[in-house]
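Structure below is target.cif: mmCIF, C-alpha atoms and all ligand atoms.
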data_work
loop_
_atom_site.label_atom_id
_atom_site.label_comp_id
_atom_site.auth_asym_id
_atom_site.auth_seq_id
_atom_site.Cartn_x
_atom_site.Cartn_y
_atom_site.Cartn_z
CA MET A 1 2.37 -31.95 9.59
CA LYS A 2 4.38 -29.04 8.24
CA ASN A 3 2.74 -26.38 6.08
CA VAL A 4 5.32 -24.86 3.69
CA PRO A 5 4.35 -21.47 2.16
CA LEU A 6 6.29 -22.15 -1.04
CA PHE A 7 6.85 -19.09 -3.28
CA ALA A 8 4.94 -17.11 -0.68
CA THR A 9 3.91 -13.53 -1.31
CA ASN A 10 3.45 -12.50 2.29
CA ILE A 11 1.19 -9.58 3.20
CA PHE A 12 1.47 -8.04 6.65
CA HIS A 13 -1.27 -6.01 8.36
CA GLN A 14 -0.87 -4.11 11.58
CA GLU A 15 -2.57 -1.25 13.40
CA ILE A 16 -0.40 1.82 13.96
CA ASP A 17 -1.74 3.10 17.29
CA PRO A 18 -3.09 6.59 16.50
CA SER A 19 -2.36 7.75 20.07
CA SER A 20 1.33 6.83 19.77
CA TYR A 21 2.25 9.67 17.38
CA GLN A 22 0.99 13.13 16.45
CA LYS A 23 -1.70 11.87 14.12
CA GLU A 24 -4.05 14.83 14.50
CA LYS A 25 -1.31 17.32 13.67
CA ILE A 26 -0.28 15.32 10.59
CA VAL A 27 -3.85 14.86 9.34
CA ASN A 28 -4.68 18.53 9.91
CA ALA A 29 -1.68 19.62 7.83
CA ILE A 30 -2.58 17.18 5.04
CA VAL A 31 -6.25 18.25 4.99
CA SER A 32 -5.30 21.93 5.07
CA ASN A 33 -3.11 21.40 2.01
CA TYR A 34 -5.85 19.39 0.31
CA ASN A 35 -8.34 22.23 0.90
CA LYS A 36 -5.97 24.66 -0.81
CA ASN A 37 -6.07 22.53 -3.94
CA PRO A 38 -7.72 19.08 -4.23
CA SER A 39 -5.66 18.46 -7.41
CA ARG A 40 -2.20 19.29 -6.14
CA ASN A 41 -0.36 17.14 -8.63
CA ASN A 42 -1.02 15.10 -11.76
CA TRP A 43 -1.24 11.41 -10.98
CA ALA A 44 1.70 9.50 -12.39
CA PHE A 45 -0.15 6.51 -13.85
CA LYS A 46 -2.05 6.53 -17.11
CA GLY A 47 -5.77 6.25 -16.58
CA SER A 48 -5.56 7.03 -12.87
CA THR A 49 -7.26 9.99 -11.28
CA ASN A 50 -5.87 13.44 -10.76
CA LEU A 51 -5.83 13.89 -7.00
CA HIS A 52 -3.97 15.68 -4.24
CA HIS A 53 -0.65 13.90 -3.78
CA TYR A 54 2.91 14.75 -2.82
CA TYR A 55 5.01 12.66 -5.21
CA ASN A 56 8.04 14.74 -6.34
CA ASP A 57 6.40 17.81 -4.78
CA TRP A 58 7.51 17.66 -1.14
CA ASN A 59 9.15 21.10 -1.03
CA ASN A 60 6.40 23.08 -2.70
CA LYS A 61 6.28 26.38 -0.77
CA ASP A 62 2.60 26.86 -1.58
CA TYR A 63 1.72 24.13 0.92
CA ASP A 64 2.38 23.57 4.62
CA GLU A 65 5.08 21.11 5.51
CA VAL A 66 3.73 17.82 6.88
CA ASP A 67 5.92 16.90 9.84
CA LEU A 68 6.13 13.09 9.92
CA SER A 69 8.90 12.96 12.55
CA SER A 70 6.63 11.47 15.23
CA LEU A 71 5.55 8.70 12.86
CA ILE A 72 8.94 7.65 11.44
CA PRO A 73 10.11 5.82 14.62
CA LEU A 74 6.95 3.69 14.50
CA TYR A 75 7.76 2.67 10.93
CA HIS A 76 11.21 1.58 12.11
CA VAL A 77 9.64 -0.63 14.79
CA PHE A 78 7.12 -2.01 12.33
CA PHE A 79 9.72 -2.83 9.66
CA LYS A 80 12.06 -4.49 12.16
CA ASN A 81 9.13 -6.66 13.22
CA VAL A 82 8.50 -7.61 9.61
CA LEU A 83 12.17 -8.43 9.03
CA SER A 84 12.13 -10.71 12.07
CA GLU A 85 9.76 -12.93 10.07
CA TYR A 86 12.47 -13.57 7.46
CA SER A 87 15.86 -15.33 7.59
CA PHE A 88 19.12 -13.79 6.35
CA ILE A 89 22.44 -15.53 5.82
CA ASN A 90 24.41 -12.25 6.13
CA PRO A 91 23.70 -9.03 8.03
CA VAL A 92 21.62 -6.47 6.18
CA SER A 93 20.75 -2.88 6.85
CA TYR A 94 17.71 -1.06 5.60
CA LYS A 95 16.30 2.30 4.80
CA PHE A 96 12.84 3.44 3.90
CA THR A 97 11.54 6.37 1.94
CA ILE A 98 8.14 7.99 2.25
CA GLN A 99 7.11 7.79 -1.37
CA ASN A 100 3.86 9.67 -1.40
CA ILE A 101 0.83 10.90 0.52
CA THR A 102 -2.46 10.70 -1.34
CA VAL A 103 -5.64 12.51 -0.31
CA GLY A 104 -9.08 12.44 -1.87
CA HIS A 105 -12.60 11.14 -1.70
CA ASP A 106 -13.11 7.61 -2.99
CA LYS A 107 -15.18 8.86 -5.91
CA ASN A 108 -12.21 10.87 -7.16
CA GLN A 109 -9.42 8.51 -6.22
CA SER A 110 -8.31 5.50 -8.22
CA MET A 111 -5.09 4.11 -9.64
CA GLU A 112 -4.27 1.53 -12.24
CA TYR A 113 -2.26 -1.60 -11.52
CA HIS A 114 1.39 -0.74 -10.97
CA HIS A 115 4.33 -2.00 -8.95
CA HIS A 116 7.33 -0.29 -7.37
CA LEU A 117 10.47 -1.03 -9.37
CA GLU A 118 13.65 -2.31 -7.82
CA GLU A 119 16.72 -0.09 -8.08
CA SER A 120 19.90 -1.11 -9.88
CA ASP A 121 22.38 -0.30 -7.10
CA ASN A 122 23.06 -2.35 -3.98
CA SER A 123 19.86 -1.34 -2.33
CA SER A 124 16.63 -2.54 -3.79
CA CYS A 125 13.04 -1.75 -3.13
CA PHE A 126 11.98 -5.00 -1.63
CA PHE A 127 8.74 -3.96 0.01
CA VAL A 128 5.99 -1.37 -0.03
CA SER A 129 3.55 -0.28 2.65
CA VAL A 130 0.36 1.74 2.57
CA HIS A 131 -0.72 3.34 5.83
CA TYR A 132 -4.36 4.48 6.02
CA LEU A 133 -4.64 7.60 8.19
CA SER A 134 -8.24 8.12 7.18
CA ILE A 135 -10.64 5.88 5.29
CA GLY A 136 -14.40 5.26 5.25
CA ALA A 137 -15.83 1.98 6.52
CA ASN A 138 -17.10 1.04 3.03
CA SER A 139 -14.24 2.42 1.03
CA GLN A 140 -12.70 0.89 -2.08
CA THR A 141 -10.53 -2.19 -1.65
CA LEU A 142 -6.81 -2.36 -2.28
CA ASP A 143 -6.52 -4.89 -5.11
CA LEU A 144 -3.41 -7.05 -5.43
CA LYS A 145 -2.81 -8.91 -8.69
CA ASN A 146 -1.81 -12.56 -8.65
CA PRO A 147 1.85 -12.54 -9.82
CA ILE A 148 1.85 -16.20 -10.93
CA PRO A 149 1.53 -16.57 -14.74
CA TYR A 150 -0.32 -19.82 -14.08
CA ALA A 151 -3.25 -17.71 -12.80
CA ASP A 152 -4.05 -16.54 -16.37
CA TYR A 153 -4.50 -20.16 -17.42
CA LEU A 154 -6.73 -20.88 -14.43
CA ILE A 155 -9.01 -17.95 -15.17
CA SER A 156 -9.88 -19.32 -18.59
CA SER A 157 -10.03 -23.03 -17.85
CA THR A 158 -10.97 -24.03 -14.30
CA ASN A 159 -12.42 -20.85 -12.88
CA HIS A 160 -15.80 -22.54 -12.48
CA PHE A 161 -14.31 -25.04 -10.04
CA THR A 162 -12.54 -22.27 -8.13
CA ARG A 163 -15.72 -20.24 -7.79
CA LYS A 164 -17.94 -23.15 -6.84
CA TYR A 165 -15.78 -25.12 -4.43
CA LEU A 166 -12.94 -23.03 -3.02
CA ASP A 167 -13.38 -20.59 -0.14
CA SER A 168 -12.70 -17.16 -1.62
CA LYS A 169 -11.65 -15.82 1.80
CA ASP A 170 -8.93 -18.42 2.30
CA PRO A 171 -5.53 -16.96 1.28
CA ALA A 172 -4.22 -20.48 0.71
CA TRP A 173 -6.39 -20.59 -2.44
CA SER A 174 -5.35 -17.13 -3.60
CA TYR A 175 -2.91 -18.62 -6.14
CA ARG A 176 -5.97 -19.82 -8.12
CA ARG A 177 -7.54 -16.36 -8.34
CA PRO A 178 -6.66 -13.38 -10.55
CA SER A 179 -6.48 -10.95 -7.63
CA TRP A 180 -6.91 -10.51 -3.90
CA HIS A 181 -8.95 -7.67 -2.42
CA ILE A 182 -8.23 -6.07 0.94
CA LEU A 183 -10.65 -3.67 2.60
CA PRO A 184 -8.29 -1.43 4.58
CA LYS A 185 -9.20 -0.17 8.04
CA GLU A 186 -8.33 3.24 9.38
CA ASP A 187 -4.93 3.27 11.15
CA GLU A 188 -3.91 0.03 9.46
CA ILE A 189 -0.64 -0.36 7.62
CA ILE A 190 -0.58 -2.95 4.83
CA PHE A 191 2.78 -4.24 3.73
CA PHE A 192 3.68 -6.35 0.68
CA PRO A 193 6.57 -7.15 -1.70
CA SER A 194 7.30 -4.36 -4.14
CA PHE A 195 6.89 -6.51 -7.26
CA LEU A 196 3.22 -7.06 -6.50
CA HIS A 197 0.94 -5.07 -8.81
CA HIS A 198 -1.66 -3.13 -6.86
CA SER A 199 -4.56 -0.88 -7.77
CA VAL A 200 -7.63 0.93 -6.45
CA LYS A 201 -10.71 0.83 -8.68
CA PRO A 202 -12.81 3.95 -9.34
CA SER A 203 -15.85 4.25 -7.09
CA SER A 204 -19.34 5.46 -7.94
CA LYS A 205 -20.24 5.80 -4.25
CA GLU A 206 -20.57 9.13 -2.50
CA ASP A 207 -18.31 9.30 0.52
CA LYS A 208 -17.91 11.91 3.21
CA LYS A 209 -14.63 10.75 4.64
CA LEU A 210 -11.31 11.50 2.98
CA ARG A 211 -9.07 8.60 2.07
CA ILE A 212 -5.58 9.59 3.26
CA CYS A 213 -2.73 7.15 2.63
CA ILE A 214 1.02 7.26 3.17
CA ALA A 215 2.96 5.03 0.75
CA THR A 216 6.47 3.94 1.71
CA ASN A 217 9.25 2.03 -0.08
CA TYR A 218 11.59 -0.18 1.95
CA HIS A 219 15.11 -1.04 0.80
CA LEU A 220 17.46 -3.69 2.11
CA LYS A 221 21.21 -3.35 1.81
CA ILE A 222 24.19 -5.58 2.49
CA ILE A 223 26.31 -4.27 5.36
FE FE B 301 1.89 1.98 -5.35
#
Could you write out this file's structure as structure tokens?
Amino acid sequence: MKNVPLFATNIFHQEIDPSSYQKEKIVNAIVSNYNKNPSRNNWAFKGSTNLHHYYNDWNNKDYDEVDLSSLIPLYHVFFKNVLSEYSFINPVSYKFTIQNITVGHDKNQSMEYHHHLEESDNSSCFFVSVHYLSIGANSQTLDLKNPIPYADYLISSTNHFTRKYLDSKDPAWSYRRPSWHILPKEDEIIFFPSFLHHSVKPSSKEDKKLRICIATNYHLKII
């Protein structure tokens, strides 16, 4: 029997080995900057929290530079591995851009549903990744919204059946649910198509550990 993942929205998880790059140096620089000002930048999305993040503020002289050069080669390896899971009928090249680094405690860190828009030139943002350099064991989930319009109909009509009979942990049934929740682990990178709306809900829990994430956009280009 052949199982065909029709209209699949594939999510990839992988550990980035913390001993294979200068993680401590990177985290120390990020935390040092965070301690200078926990609200470095206004969050870009309406209703989301004001937290320390680097979007459009990479060259701010008030903060130490975060040297990601030891990490970038690992992202290349990771992305090439992901691309090997897909077929292409013509050669493509790629580039990726570190979009943001966010730092904060769960209680002060949330973001509304948003997606990463595709660009209008030859290269498009096809994928997004979030790499968790630091996160508590019981941190907030990364929530991914079901992109199928059909899901809205299911929520109002047959949700009872879904709840009562379908295994909520089975991704094969995810098309019948409004969203999918991933509890990220430290050192994990989570990778998904850029059109997928994602969010982190506000938390009422006290947490000691900082949640530090690196968000990256990946673009494919025709050679
Ligand atoms: Fe995002």
Kindly provide, as number ranges by chain, all nucleotide and amino acid residues lying within 9 Å of ligand FE 301 (chain B), counting all atoms listed in the file.
A: 99-100, 111, 113-116, 128-130, 194, 197-199, 215-216
Long-range neighbours of Asn146 in chain A as a ChimeraX atom specification, 12 Å cut-off, only C-alpha atoms, 4 positions minimum in chain:
/A:8-9,113,150-155,171,173-181,195-198
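Relative to CA of Lys36 in chain A, CA of Leu51 in chain A is found at 12.4 Å.
Distance-wise, CA of Ser134 in chain A and CA of Ile214 in chain A end up 10.1 Å apart.
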Who sits within 10 Å of Val82 in chain A, only C-alpha atoms, same chain under 3 positions skipped, as a ChimeraX atom specification:
/A:11-13,76-79,85-86,191
File of the preceding selection, C-alpha atoms, as an mmCIF file, keeping the file's coordinate frame:
data_model
loop_
_atom_site.group_PDB
_atom_site.id
_atom_site.type_symbol
_atom_site.label_atom_id
_atom_site.label_comp_id
_atom_site.auth_asym_id
_atom_site.auth_seq_id
_atom_site.Cartn_x
_atom_site.Cartn_y
_atom_site.Cartn_z
ATOM 1 C CA ILE A 11 1.190 -9.580 3.200
ATOM 2 C CA PHE A 12 1.470 -8.040 6.650
ATOM 3 C CA HIS A 13 -1.270 -6.010 8.360
ATOM 4 C CA HIS A 76 11.210 1.580 12.110
ATOM 5 C CA VAL A 77 9.640 -0.630 14.790
ATOM 6 C CA PHE A 78 7.120 -2.010 12.330
ATOM 7 C CA PHE A 79 9.720 -2.830 9.660
ATOM 8 C CA GLU A 85 9.760 -12.930 10.070
ATOM 9 C CA TYR A 86 12.470 -13.570 7.460
ATOM 10 C CA PHE A 191 2.780 -4.240 3.730
#
Contacts of Lys205 in chain A within 10 Å, only C-alpha atoms, excl. fewer than 4 positions in-chain, as a VMD selection string:
chain A and resid 105 to 108 138 to 140
Expected file: the selected residues, C-alpha atoms, as a short mmCIF file (atom, residue, chain, number, x, y, z; two decimals), keeping the file's coordinate frame:
data_model
loop_
_atom_site.label_atom_id
_atom_site.label_comp_id
_atom_site.auth_asym_id
_atom_site.auth_seq_id
_atom_site.Cartn_x
_atom_site.Cartn_y
_atom_site.Cartn_z
CA HIS A 105 -12.60 11.14 -1.70
CA ASP A 106 -13.11 7.61 -2.99
CA LYS A 107 -15.18 8.86 -5.91
CA ASN A 108 -12.21 10.87 -7.16
CA ASN A 138 -17.10 1.04 3.03
CA SER A 139 -14.24 2.42 1.03
CA GLN A 140 -12.70 0.89 -2.08
#
Find the residues around Gln22 in chain A up to 10 Å (all atoms listed in the file counted), leave out those fewer than 4 positions away in its own chain, and share them as a PyMOL selection string.
chain A and resi 18+26-27+67-71
Hey, can you check how far CA of Tyr21 in chain A sits from CA of Cys213 in chain A?
15.8 Å
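Comparing the minimum interatomic distances between Asp143 in chain A and each of A:Ser84, A:Asn59, A:Asn37, A:Ser110, counting all atoms listed in the file, we find that A:Ser110 sits nearest.
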With 6 Å on each side, where is the centre of the axis-aligned box around all listed atoms of range 15-24 of chain A, and how long are its edges in Å to one decimal, as lines of an AutoDock Vina configuration file?
center_x = -0.9
center_y = 6.8
center_z = 16.7
size_x = 18.3
size_y = 28.1
size_z = 18.7
Minimum-distance residue to Lys145 in chain A, chosen among A:Asp62, A:Asp170, A:Glu24, A:Glu112 (using all atoms listed in the file):
A:Glu112
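Minimum atom-to-atom distance to Arg40 in chain A, evaluated using all atoms listed in the file, belongs to A:Val103 out of A:Leu117, A:Val103, A:Val200, A:Leu210.
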Name all residues at most 7 Å from His52 in chain A (count only C-alpha atoms; drop same-chain ones fewer than 5 positions away) and give them as a list of chain:residue names.
A:Tyr34, A:Pro38, A:Ser39, A:Arg40, A:Asn41, A:Thr102, A:Val103, A:Gly104
